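> There's a structure below that I have some questions on.
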Amino acid sequence: MGIRTKIRLGFFSLGLLLTLAAVISYSELARLNDITYRIINEGATSVKLSNDILDALSREDANIVNYFQNQDSIGFNTVSNEYLVALDSVLFSMKDSFPENKLLDTLIERKSAYNKTITSFSATNSEDKIRWYFGVYKPSYNKLVVSVKNFMRSTQDLVTEESTNIQSSVHRAIMQGTASIGTTMVLILMFYFLIDIYYISPTIKITKGLKNYLTSRIPFKVEVTGKDEVSMLKEYIEQLMARLKAKKSSDESIRKN
Amino acid sequence: MKGHVVLRYVGMVMLLNAFFMLVAAGVSWFNDVDTGFYPLILSFVLTAIMGGFPFIFVTEPAPITNKESYLIVVSAWIMVCLTGMLPLLLWGGEYDIVNAWYESVSGYTTTGSTVVNDVESMPKGILFWRSCTHMIGGAGIILFVLAIVPTMGKAKVSLSNVELSPLAKENYRFRIRKTMHIIMVVYISLIVAETVLLKIAGMGWFDAVNHAFSTIATGGFSTRNLGVAYFNNVWIEMIIVAFMIISGIHFGVLFSSITTKRNNIFRSEVSRFYLIMVLIGSLAIIANLWNTGTYNFIDSVRYGVFQFASVVSTTGFATANSDLWPALSVSVLIFGMLICACAGSTTGGIKSDRLLIVLKTFKKNLLQMQHPYAIVRTKLNGVTIEDTIINSVFVYIAMYLSICMVSTWLLSAMGIDLMTSFGASISCMGNVGIGFGQVNSLSNFSVLPDGAKLILSIVMLMGRLEIFGLLQIFFMRSWR
């Protein structure tokens with residue numbers, strides 16, 4: 001394996017590790033971002049929708065009380081329909097936003113029961129109306145309100161559940177990235193050490209050896225580790241010196257003759 | 001000193017480590033890609049790159065000096081423990097940096113003391129990796145590599161001379177290559193045999209494999225929070241006791257016994273001494289437990305034999321809380337933890353060989369006092385033990401006990417009670433895995449502060465490398 005291949009492989013290994021560290025950290029942080037966004041988003045949506053539904057229920061309740069007090073010419077069903085439609089619209093949005101929330105089924109069930117309560121209203125005199133309001137309507141209303149509040153609370157519980165995932169994600173992002181970077185540091189030290197042994201030191205030794213030979217005629221004797229271009233360079237220099245020496249000897253013998 | 005050559009051999013060991021990480025990742029894969037998969041795969045990639053990197057430059061093996069051999073062995077052990085903690089650290093859970101380091105060292109040195117409170121919450125890949133650290137460390141990480149890698153010439157001899165202690169090399173009448181193959185054959189055969197027997201006795205395959213790795217390496221990691229006590233199965237306990245005792249015998253002697261050579265268990269003085277010690281120790285504990293009313297007779301036999309075999313073989317499994325036993329039983333256990341089994345096995349401690357040499361030297365000195373002009377020699381298995389070896393035995397025992405004391409002092413200085421400090425120190429020095437007090441046989445080492453865990457991790461390494469192996473690196477300058 002030549003110098004170029006070895007150095008390339010060395011840098012490739014370092015690059016691979018740094019890329020790995022970056023990819024891991026990026027993917028874990030992206031995951032963390034998704035989890036956090038989902039929690040915040042779902043929490044905000046849940047609170048808004050729940051407030052809408054509670055608001056609609058509250059207005060419905062007030063409207064019914066108002067109707068009983070004032071005996072408006074508009075029929076009961078006409079009054080209540082407007083709010084039932086509003087409630088249905090909000091519930092539809094909830095189903096869309098939280099398709100997997102199990103508490104939604106209970107909410108829908110109680111909403112249906114509430115709808116039936118409203119549509120089955122048939123009291124004519126005041127006593128029946130009061131009995132209907134407190135005995136039939138209010139319990140159904142309260143059950144629906146409790147379901148809505150439970151639903152709102154459940155999305156807050158999501159924060160607690162997801163906190164374990166968040167913790168794991170953070171741990172992975174930090175530890176895996178750190179491990180990759182730590183390994184890269186070790187490799188950098190190893191790489192420097194090996195380059196020093198195989199290329200820097202031999203180059204310096206060859207240079208010194210040549211300098212000593214040219215200035216002080218000290219024989220060129222250099223030990224070089226490895227079998228690549230550097231060791232070949234040393235051998236060629238030795239061969240070149242041997243040829244020069246042989247040529248010089250032959251020139252001297254010719255002159256003498 | 002050729003640093004690049006040292007790097008190459010250390011790299012070889014790290015590649016072995018990486019291979020087992022890949023195997024553990026495979027176990028994770030087959031368990032519905034549990035949460036241990038990605039940490040193990042990433043650890044494999046990092047360790048493989050680190051291990052393979054020196055091979056880019058140092059392409060050919062080279063002869064190594066004795067000095068380089070020591071440096072390779074010590075560096076390999078430290079690097080293997082560092083890379084071995086990667087899967088644990090990356091998985092997280094109860095593993096912070098100190099806990100992961102401690103667990104990794106405990107695994108490779110086959111101590112088996114854990115810092116995890118809830119082992120059963122760990123994914124199977126990580127549990128298997130913990131057992132793999134036992135398997136690799138039990139045989140000796142260098143020997144593992146030497147047995148697998150083809151001809152390395154004289155490097156093999158140099159490295160094995162360091163990894164195997166002089167006492168361990170006795171009873172191997174073969175060349176080094178054959179010796180390593182014998183060790184591996186006996187090691188793997190015992191693991192396979194125990195796995196099959198445990199499965200028949202009622203364990204699942206996964207538990208059986210992990211407990212077999214742990215028993216033969218005399219480690220002590222279990223896949224259950226209560227360890228072997230979880231199974232509450234007498235057959236399982238009996239199988240584990242048998243294999244713990246067998247694992248305490250010199251592997252060369254075991255091989256000879258199976259291949260019906262002369263140098264078998266009953267002819268080996270050390271093996272006979274060890275087995276007699278196991279018998280007497282067990283009987284003493286049984287009698288003490290029964291006499292004091294701690295247990296009825298059957299339970300005294302069941303728990304007494306198991307616990308003594310466990311400590312004397314330095315495995316560290318437990319089926320009862322020995323901390324609650326009477327003083328005599330506890331003192332016999334402490335004796336077992338100090339002396340332990342035979343050299344040439346996977347056990348730690350002072351070793352029966354050394355105790356036998358001390359006793360014989362004592363006898364020799366006594367005779368010499370009676371007959372000043374007589375020439376009395378200390379012999380073991382009919383072979384004269386030279387004075388240099390006798391001296392080294394005494395120095396080793398003195399250093400061993402000194403390190404135990406220093407460790408006890410350091411732990412006590414951290415506010416840990418004496419029984420816990422002493423128990424933890426001798427347990428880690430002998431690579432046993434169970435102690436007394438807060439680190440008793442049914443507890444774990446998580447209660448200790450981080451400083452204590454770091455000290456004990458160094459003590460574990462010193463015990464595994466038989467003290468001098470590790471301390472040599474601090475005296476490299478004087479080695480010319």
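Each chain in the structure tokens gets a letter, A, B and so on, in the order shown; residues start at 1 in every chain, and ligands are counted from 1 in the order they appear.
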Check every residue of chain B for an atom within 12 Å of chain A, counting only C-alpha atoms, and provide those that qualify as an MDAnalysis selection string.

chainID B and resid 1:8 11 35:36 38:62 79 82:83 85:97

> If we count only C-alpha atoms and set the cut-off at 12 Å, which residues sit around Ser93 of chain A, ignoring sequence neighbours fewer than 6 positions away in its own chain? Please answer as a PyMOL selection string.

chain A and resi 45-46+48-50+52-53+86-87+99+104

> Do a neighbour search on segment 241-252 of chain A at 10 Å with only C-alpha atoms, toss out local chain neighbours closer than 3 positions, and write the hits as a PyMOL selection string.

chain A and resi 210+213+219-220+235-238+255-257

> Please produce, as a Markdown table, a per-residue contact table for segment 372-414 of chain B versus segment 252-274 of chain B (criterion: any atom at most 9 Å away, only C-alpha atoms considered), showing the nearest atom pair and its distance in Å to one decimal, sorted by chain then residue number.


| residue | atom | partner | partner_atom | distance |
| --- | --- | --- | --- | --- |
| B:Leu380 | CA | B:Glu269 | CA | 7.0 |
| B:Asn381 | CA | B:Glu269 | CA | 5.6 |
| B:Gly382 | CA | B:Glu269 | CA | 8.9 |

> Output the selection as a short mmCIF file (atom, residue, chain, number, x, y, z; two decimals), in the first residue's frame - N, CA and C atoms for each residue.


data_model
loop_
_atom_site.label_atom_id
_atom_site.label_comp_id
_atom_site.auth_asym_id
_atom_site.auth_seq_id
_atom_site.Cartn_x
_atom_site.Cartn_y
_atom_site.Cartn_z
N LEU B 380 6.69 -29.48 44.20
CA LEU B 380 5.27 -29.45 43.86
C LEU B 380 5.05 -30.36 42.67
N ASN B 381 4.18 -31.33 42.82
CA ASN B 381 3.99 -32.34 41.77
C ASN B 381 5.30 -33.02 41.39
N GLY B 382 6.15 -33.21 42.39
CA GLY B 382 7.41 -33.90 42.15
C GLY B 382 8.49 -33.05 41.55
#

> Of the candidates B:Ile249, B:Met122, B:Val312, B:Ile385, which shows the shortest atom-to-atom distance to Ala343 of chain B, using only C-alpha atoms?

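Of B:Ile249, B:Met122, B:Val312, B:Ile385, the one nearest Ala343 of chain B, counting only C-alpha atoms, is B:Ile249.
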
> At a cut-off of 10 Å, using only C-alpha atoms, what residues contact Glu162 of chain A? Leave out same-chain residues fewer than 3 positions from it and give the result as number ranges by chain.

A: 35-36, 38-39, 157-159, 165-168

> Using DSSP secondary structure from the backbone, list all alpha helix (DSSP H) positions within segment 92-316 of chain B, as JSON, numbers by chain.

{"B": [97, 98, 99, 100, 101, 102, 103, 104, 105, 106, 107, 108, 124, 125, 126, 127, 128, 129, 130, 131, 132, 133, 134, 135, 136, 137, 138, 139, 141, 142, 143, 144, 145, 146, 147, 148, 154, 155, 156, 157, 158, 159, 160, 161, 162, 163, 166, 167, 168, 169, 176, 177, 178, 179, 180, 181, 182, 183, 184, 185, 186, 187, 188, 189, 190, 191, 192, 193, 194, 195, 196, 197, 198, 199, 200, 201, 205, 206, 207, 208, 209, 210, 211, 212, 213, 214, 215, 216, 234, 235, 236, 237, 238, 239, 240, 241, 242, 243, 244, 245, 246, 247, 251, 252, 253, 254, 255, 256, 257, 258, 269, 270, 271, 272, 273, 274, 275, 276, 277, 278, 279, 280, 281, 282, 283, 284, 285, 286, 287, 288, 289, 290, 291, 297, 298, 299, 300, 301, 302, 303, 304, 305, 306, 307, 308, 309, 310, 311, 312]}

> Hey, which of A:Thr19, A:Asn101, A:Ser231, A:Asn33 ends up closest to Ser154 of chain A? Count only C-alpha atoms.

A:Asn101

> Leaving out Leu103 of chain A and any residue of its chain fewer than 6 positions from it, which residues lie within 9 Å of it when counting only C-alpha atoms, given as a PyMOL selection string?

chain A and resi 147-148+150-151+154

> Give me the residues within 10 Å of Asn321 of chain B as an MDAnalysis selection string, counting only C-alpha atoms and dropping any in the same chain fewer than 5 places off.

chainID B and resid 303 307 436 440:443

> Can you measure atom CA of Val73 of chain B to atom CA of Thr133 of chain B for me? One decimal in Å is fine.

16.4 Å

> Between atom CA of Met152 of chain A and atom CA of Ser112 of chain A, what distance in Å does the model show, to one decimal?

19.0 Å
